[in-house]
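Working notes for the structure below.
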Amino acid sequence: MVAMRDNAETARLFELLSSVVDPEIPVLTLQDLGVLRDISVNDGEVKVSITPTYAGCPAMEAMRADIESTLAAAGYERVIVQQILSPAWSTDWMSQSGREKLRAYGIAPPVSTACGQPGGQIECPQCNSGDVKLVSEFGSTACKALYQCQDCREPFDYFKCI
């Protein structure tokens with residue numbers, strides 16, 4: 001869960017950063033992904049905490065730069081973007097809105113059964129069929145796997161459950 005502080009400036013900062021998108025999946029914001037963890041302001045310095053979807057995520061530097069430029073454009077000159085590795089990011093942190101955006105974009109959102117927990121199955125984002133087959137554990141990025149629908153025959157990425 002995102003740590004939010006009860007003050008107007010922090011709320012404004014979260015609102016400003018609600019437009020920052022994931023560089024690899026540009027239909028998702030950092031808030032949709034659950035990567036944006038905390039914002040604090042101390043003596044005019046803004047500290048933003050983000051957690052990568054996995055250690056070594058190549059998009060982290062782009063995320064950091066986008067956060068810094070968004071806040072600089074709003075007049076915040078002193079910004080520190082801190083990467084937090086513990087607790088590790090989880091697909092549980094993704095918003096429902098983010099999951100729906102993934103599906104509309106053609107990427108199957110994570111489902112808990114893929115993590116060995118009850119609650120749903122991987123479905124084709126094109127036709128919603130549950131008759132899908134794993135093609136490769138690795139999709140277009142390391143956080144996705146490649147599947148193919150056995151009904152409509154379309155290949156699609158599945159955002160891995162972590």
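Identifiers for the structure tokens are assigned positionally: chains receive A, B, ... in sequence, residues are indexed from 1 per chain, and ligands are indexed from 1 in the order shown.
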For A:Ser136, list every protein, DNA or RNA residue within 12 Å, evaluated using only C-alpha atoms, and leave out those in the same chain fewer than 3 positions away; present the list as a ChimeraX atom specification. /A:133,139-142,144-148,155-158,160
For the residues in the current selection, export all heavy atoms as a short mmCIF file (atom, residue, chain, number, x, y, z; two decimals), in the first residue's frame.
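As a result, result_3.cif now contains:
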data_model
loop_
_atom_site.label_atom_id
_atom_site.label_comp_id
_atom_site.auth_asym_id
_atom_site.auth_seq_id
_atom_site.Cartn_x
_atom_site.Cartn_y
_atom_site.Cartn_z
N LYS A 133 -2.18 -21.30 -23.79
CA LYS A 133 -1.01 -22.17 -23.68
C LYS A 133 0.24 -21.32 -23.50
O LYS A 133 0.45 -20.36 -24.24
CB LYS A 133 -0.90 -23.02 -24.94
CG LYS A 133 0.28 -23.95 -24.97
CD LYS A 133 0.23 -24.79 -26.23
CE LYS A 133 1.48 -24.55 -27.02
NZ LYS A 133 1.55 -25.26 -28.27
N GLY A 139 8.56 -13.04 -22.16
CA GLY A 139 7.85 -12.30 -23.20
C GLY A 139 8.67 -11.12 -23.66
O GLY A 139 9.90 -11.17 -23.68
N SER A 140 7.98 -10.03 -23.98
CA SER A 140 8.65 -8.85 -24.52
C SER A 140 9.55 -8.16 -23.49
O SER A 140 10.46 -7.43 -23.86
CB SER A 140 7.63 -7.87 -25.08
OG SER A 140 6.74 -7.46 -24.05
N THR A 141 9.28 -8.36 -22.21
CA THR A 141 10.15 -7.88 -21.14
C THR A 141 10.25 -9.00 -20.11
O THR A 141 9.45 -9.95 -20.12
CB THR A 141 9.62 -6.59 -20.46
OG1 THR A 141 8.35 -6.87 -19.87
CG2 THR A 141 9.48 -5.45 -21.46
N ALA A 142 11.18 -8.89 -19.18
CA ALA A 142 11.42 -9.95 -18.20
C ALA A 142 10.23 -10.16 -17.26
O ALA A 142 10.08 -11.24 -16.69
CB ALA A 142 12.67 -9.63 -17.39
N LYS A 144 7.17 -10.31 -18.14
CA LYS A 144 6.04 -10.90 -18.87
C LYS A 144 6.43 -12.26 -19.44
O LYS A 144 7.59 -12.54 -19.68
CB LYS A 144 5.60 -9.97 -19.99
CG LYS A 144 5.03 -8.64 -19.47
CD LYS A 144 4.39 -7.81 -20.55
CE LYS A 144 5.27 -6.99 -21.38
NZ LYS A 144 5.98 -5.89 -20.93
N ALA A 145 5.42 -13.11 -19.63
CA ALA A 145 5.57 -14.40 -20.28
C ALA A 145 4.74 -14.36 -21.57
O ALA A 145 3.79 -13.58 -21.68
CB ALA A 145 5.08 -15.53 -19.38
N LEU A 146 5.10 -15.21 -22.52
CA LEU A 146 4.39 -15.25 -23.80
C LEU A 146 3.43 -16.44 -23.82
O LEU A 146 3.83 -17.57 -23.56
CB LEU A 146 5.38 -15.36 -24.96
CG LEU A 146 4.78 -15.39 -26.36
CD1 LEU A 146 4.02 -14.08 -26.65
CD2 LEU A 146 5.87 -15.60 -27.40
N TYR A 147 2.16 -16.14 -24.10
CA TYR A 147 1.11 -17.16 -24.20
C TYR A 147 0.48 -17.09 -25.58
O TYR A 147 0.63 -16.11 -26.31
CB TYR A 147 0.02 -16.91 -23.16
CG TYR A 147 0.34 -17.46 -21.80
CD1 TYR A 147 1.25 -16.83 -20.96
CD2 TYR A 147 -0.27 -18.62 -21.34
CE1 TYR A 147 1.54 -17.34 -19.71
CE2 TYR A 147 0.02 -19.14 -20.09
CZ TYR A 147 0.92 -18.50 -19.28
OH TYR A 147 1.21 -19.01 -18.05
N GLN A 148 -0.29 -18.14 -25.92
CA GLN A 148 -1.10 -18.11 -27.12
C GLN A 148 -2.48 -18.63 -26.77
O GLN A 148 -2.63 -19.64 -26.08
CB GLN A 148 -0.50 -18.98 -28.23
CG GLN A 148 -1.34 -18.91 -29.50
CD GLN A 148 -0.79 -19.77 -30.62
OE1 GLN A 148 -0.14 -20.77 -30.38
NE2 GLN A 148 -1.06 -19.36 -31.84
N PRO A 155 -1.22 -14.67 -30.14
CA PRO A 155 -0.21 -14.68 -29.06
C PRO A 155 -0.41 -13.42 -28.22
O PRO A 155 -0.91 -12.40 -28.72
CB PRO A 155 1.11 -14.61 -29.83
CG PRO A 155 0.77 -13.93 -31.11
CD PRO A 155 -0.66 -14.30 -31.42
N PHE A 156 -0.05 -13.50 -26.96
CA PHE A 156 -0.17 -12.32 -26.09
C PHE A 156 0.80 -12.43 -24.93
O PHE A 156 1.21 -13.52 -24.54
CB PHE A 156 -1.61 -12.14 -25.58
CG PHE A 156 -2.10 -13.27 -24.69
CD1 PHE A 156 -1.94 -13.23 -23.31
CD2 PHE A 156 -2.74 -14.37 -25.25
CE1 PHE A 156 -2.39 -14.25 -22.50
CE2 PHE A 156 -3.20 -15.42 -24.45
CZ PHE A 156 -3.03 -15.36 -23.08
N ASP A 157 1.16 -11.28 -24.39
CA ASP A 157 1.98 -11.22 -23.19
C ASP A 157 1.09 -11.38 -21.97
O ASP A 157 -0.06 -10.90 -21.96
CB ASP A 157 2.71 -9.87 -23.09
CG ASP A 157 4.03 -9.84 -23.82
OD1 ASP A 157 4.62 -10.90 -24.06
OD2 ASP A 157 4.48 -8.72 -24.15
N TYR A 158 1.62 -12.03 -20.97
CA TYR A 158 0.98 -12.16 -19.66
C TYR A 158 1.92 -11.52 -18.65
O TYR A 158 3.10 -11.87 -18.58
CB TYR A 158 0.74 -13.63 -19.31
CG TYR A 158 0.43 -13.85 -17.85
CD1 TYR A 158 -0.78 -13.41 -17.32
CD2 TYR A 158 1.34 -14.46 -17.00
CE1 TYR A 158 -1.06 -13.59 -15.96
CE2 TYR A 158 1.07 -14.64 -15.66
CZ TYR A 158 -0.14 -14.21 -15.15
OH TYR A 158 -0.41 -14.36 -13.82
N LYS A 160 3.56 -11.41 -15.45
CA LYS A 160 3.79 -12.46 -14.46
C LYS A 160 3.38 -12.02 -13.06
O LYS A 160 3.59 -10.89 -12.65
CB LYS A 160 5.27 -12.85 -14.44
CG LYS A 160 5.77 -13.47 -15.70
CD LYS A 160 7.26 -13.74 -15.58
CE LYS A 160 7.88 -14.17 -16.86
NZ LYS A 160 9.34 -14.33 -16.73
#
If you count only C-alpha atoms, which residues fall within 12 Å of A:Cys127, apart from same-chain ones fewer than 2 positions away, as a CSV table (one decimal) with N, CA, C and O atoms, in the first residue's frame?
chain,number,residue,atom,x,y,z
A,103,ARG,N,-5.2,-5.2,-19.7
A,103,ARG,CA,-6.1,-6.0,-20.6
A,103,ARG,C,-6.5,-5.3,-21.8
A,103,ARG,O,-6.4,-5.8,-22.9
A,104,ALA,N,-6.9,-4.0,-21.7
A,104,ALA,CA,-7.3,-3.2,-22.9
A,104,ALA,C,-6.1,-3.0,-23.8
A,104,ALA,O,-6.3,-2.9,-25.0
A,106,GLY,N,-3.9,-5.2,-24.4
A,106,GLY,CA,-3.5,-6.5,-25.0
A,106,GLY,C,-2.6,-7.4,-24.2
A,106,GLY,O,-2.1,-8.4,-24.7
A,107,ILE,N,-2.4,-7.0,-22.9
A,107,ILE,CA,-1.5,-7.8,-22.0
A,107,ILE,C,-2.4,-8.4,-20.9
A,107,ILE,O,-3.2,-7.6,-20.3
A,108,ALA,N,-2.4,-9.7,-20.8
A,108,ALA,CA,-3.2,-10.3,-19.7
A,108,ALA,C,-2.6,-9.9,-18.4
A,108,ALA,O,-1.4,-10.0,-18.1
A,122,ILE,N,-5.5,-17.3,-16.2
A,122,ILE,CA,-5.0,-16.5,-17.2
A,122,ILE,C,-6.0,-16.6,-18.4
A,122,ILE,O,-6.4,-17.6,-18.8
A,123,GLU,N,-6.4,-15.4,-18.9
A,123,GLU,CA,-7.4,-15.3,-20.0
A,123,GLU,C,-6.8,-14.5,-21.1
A,123,GLU,O,-6.0,-13.5,-20.9
A,124,CYS,N,-7.1,-14.8,-22.3
A,124,CYS,CA,-6.7,-14.1,-23.5
A,124,CYS,C,-7.3,-12.7,-23.4
A,124,CYS,O,-8.5,-12.5,-23.2
A,125,PRO,N,-6.4,-11.7,-23.6
A,125,PRO,CA,-7.0,-10.3,-23.5
A,125,PRO,C,-7.7,-9.9,-24.8
A,125,PRO,O,-8.4,-8.9,-24.8
A,129,SER,N,-10.9,-15.9,-23.6
A,129,SER,CA,-10.9,-17.4,-23.5
A,129,SER,C,-9.9,-17.8,-22.4
A,129,SER,O,-8.8,-17.2,-22.3
A,130,GLY,N,-10.2,-18.8,-21.6
A,130,GLY,CA,-9.3,-19.3,-20.7
A,130,GLY,C,-8.5,-20.5,-21.2
A,130,GLY,O,-7.6,-21.0,-20.6
A,131,ASP,N,-8.7,-20.8,-22.5
A,131,ASP,CA,-8.0,-21.9,-23.2
A,131,ASP,C,-6.7,-21.3,-23.8
A,131,ASP,O,-6.7,-21.0,-24.9
A,132,VAL,N,-5.7,-21.2,-22.9
A,132,VAL,CA,-4.4,-20.6,-23.3
A,132,VAL,C,-3.3,-21.5,-23.1
A,132,VAL,O,-3.4,-22.4,-22.2
A,148,GLN,N,-0.3,-18.1,-25.9
A,148,GLN,CA,-1.1,-18.1,-27.1
A,148,GLN,C,-2.5,-18.6,-26.8
A,148,GLN,O,-2.6,-19.6,-26.1
A,149,CYS,N,-3.5,-17.9,-27.3
A,149,CYS,CA,-4.9,-18.4,-27.1
A,149,CYS,C,-5.1,-19.5,-28.0
A,149,CYS,O,-4.8,-19.5,-29.2
A,150,GLN,N,-5.8,-20.6,-27.5
A,150,GLN,CA,-6.1,-21.7,-28.3
A,150,GLN,C,-7.4,-21.5,-29.1
A,150,GLN,O,-7.7,-22.3,-30.0
A,151,ASP,N,-8.2,-20.5,-28.7
A,151,ASP,CA,-9.4,-20.2,-29.4
A,151,ASP,C,-9.2,-19.3,-30.6
A,151,ASP,O,-9.5,-19.6,-31.7
A,152,CYS,N,-8.7,-18.1,-30.3
A,152,CYS,CA,-8.6,-17.1,-31.4
A,152,CYS,C,-7.2,-17.2,-32.0
A,152,CYS,O,-6.9,-16.5,-33.0
A,153,ARG,N,-6.3,-18.0,-31.4
A,153,ARG,CA,-4.9,-18.3,-31.9
A,153,ARG,C,-4.0,-17.1,-31.8
A,153,ARG,O,-2.8,-17.1,-32.3
A,154,GLU,N,-4.4,-16.0,-31.1
A,154,GLU,CA,-3.5,-14.8,-31.0
A,154,GLU,C,-2.5,-15.1,-29.9
A,154,GLU,O,-2.8,-15.5,-28.8
A,155,PRO,N,-1.2,-14.7,-30.1
A,155,PRO,CA,-0.2,-14.7,-29.1
A,155,PRO,C,-0.4,-13.4,-28.2
A,155,PRO,O,-0.9,-12.4,-28.7
A,156,PHE,N,-0.1,-13.5,-27.0
A,156,PHE,CA,-0.2,-12.3,-26.1
A,156,PHE,C,0.8,-12.4,-24.9
A,156,PHE,O,1.2,-13.5,-24.5
Among chain A, which residues carry a DSSP assignment of alpha helix (DSSP H), reported as number ranges by chain? A: 8-17, 30-33, 60-73, 96-105
Would you mind listing what lies within 10 Å of stretch 30-35 of chain A as a VMD selection string, with only C-alpha atoms counted and same-chain residues fewer than 6 positions away left out? chain A and resid 1 to 2 14 to 15 17 to 23 49 to 53 60 63 67 83 to 84 89 to 102
Could you go through stretch 16-66 of chain A and tell me which residues DSSP, when run on the backbone, assigns to strand (DSSP E), listing them as a PyMOL selection string? chain A and resi 36-42+45-50
How about saving the chosen residues, N, CA, C and O atoms kept, as a short mmCIF file (atom, residue, chain, number, x, y, z; two decimals), in the first residue's frame?
data_model
loop_
_atom_site.label_atom_id
_atom_site.label_comp_id
_atom_site.auth_asym_id
_atom_site.auth_seq_id
_atom_site.Cartn_x
_atom_site.Cartn_y
_atom_site.Cartn_z
N LEU A 36 5.19 3.59 -7.26
CA LEU A 36 5.29 4.83 -6.48
C LEU A 36 4.84 4.52 -5.06
O LEU A 36 3.67 4.24 -4.81
N ARG A 37 5.77 4.54 -4.11
CA ARG A 37 5.48 4.07 -2.76
C ARG A 37 5.23 5.18 -1.74
O ARG A 37 4.38 5.05 -0.89
N ASP A 38 6.01 6.25 -1.80
CA ASP A 38 5.89 7.27 -0.75
C ASP A 38 6.44 8.58 -1.27
O ASP A 38 7.31 8.60 -2.15
N ILE A 39 5.92 9.66 -0.72
CA ILE A 39 6.43 11.00 -0.99
C ILE A 39 6.47 11.75 0.33
O ILE A 39 5.51 11.73 1.10
N SER A 40 7.58 12.43 0.57
CA SER A 40 7.67 13.27 1.76
C SER A 40 8.36 14.57 1.37
O SER A 40 9.11 14.63 0.40
N VAL A 41 8.06 15.63 2.13
CA VAL A 41 8.66 16.93 1.90
C VAL A 41 9.26 17.38 3.22
O VAL A 41 8.58 17.37 4.26
N ASN A 42 10.54 17.78 3.17
CA ASN A 42 11.21 18.25 4.37
C ASN A 42 12.11 19.42 4.00
O ASN A 42 13.04 19.27 3.20
N GLU A 45 12.74 20.01 0.35
CA GLU A 45 13.28 18.89 -0.42
C GLU A 45 12.20 17.80 -0.54
O GLU A 45 11.62 17.40 0.46
N VAL A 46 11.96 17.36 -1.76
CA VAL A 46 10.96 16.32 -2.01
C VAL A 46 11.69 14.99 -2.14
O VAL A 46 12.64 14.87 -2.91
N LYS A 47 11.23 14.02 -1.38
CA LYS A 47 11.80 12.68 -1.43
C LYS A 47 10.70 11.74 -1.93
O LYS A 47 9.63 11.64 -1.33
N VAL A 48 10.97 11.08 -3.05
CA VAL A 48 10.03 10.16 -3.66
C VAL A 48 10.62 8.76 -3.58
O VAL A 48 11.75 8.54 -4.00
N SER A 49 9.86 7.82 -3.02
CA SER A 49 10.31 6.44 -2.91
C SER A 49 9.59 5.58 -3.95
O SER A 49 8.37 5.63 -4.05
N ILE A 50 10.39 4.82 -4.71
CA ILE A 50 9.83 3.92 -5.71
C ILE A 50 10.44 2.53 -5.51
O ILE A 50 11.56 2.40 -5.03
#
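The two atoms in question, atom CA of A:Tyr105 and atom CA of A:Ile25, are spaced 8.9 Å apart.
Among the candidate residues A:Glu24, A:Pro110, A:Gln126, A:Phe159, the one lying nearest to A:Pro58 is A:Glu24, with distances computed using only C-alpha atoms.
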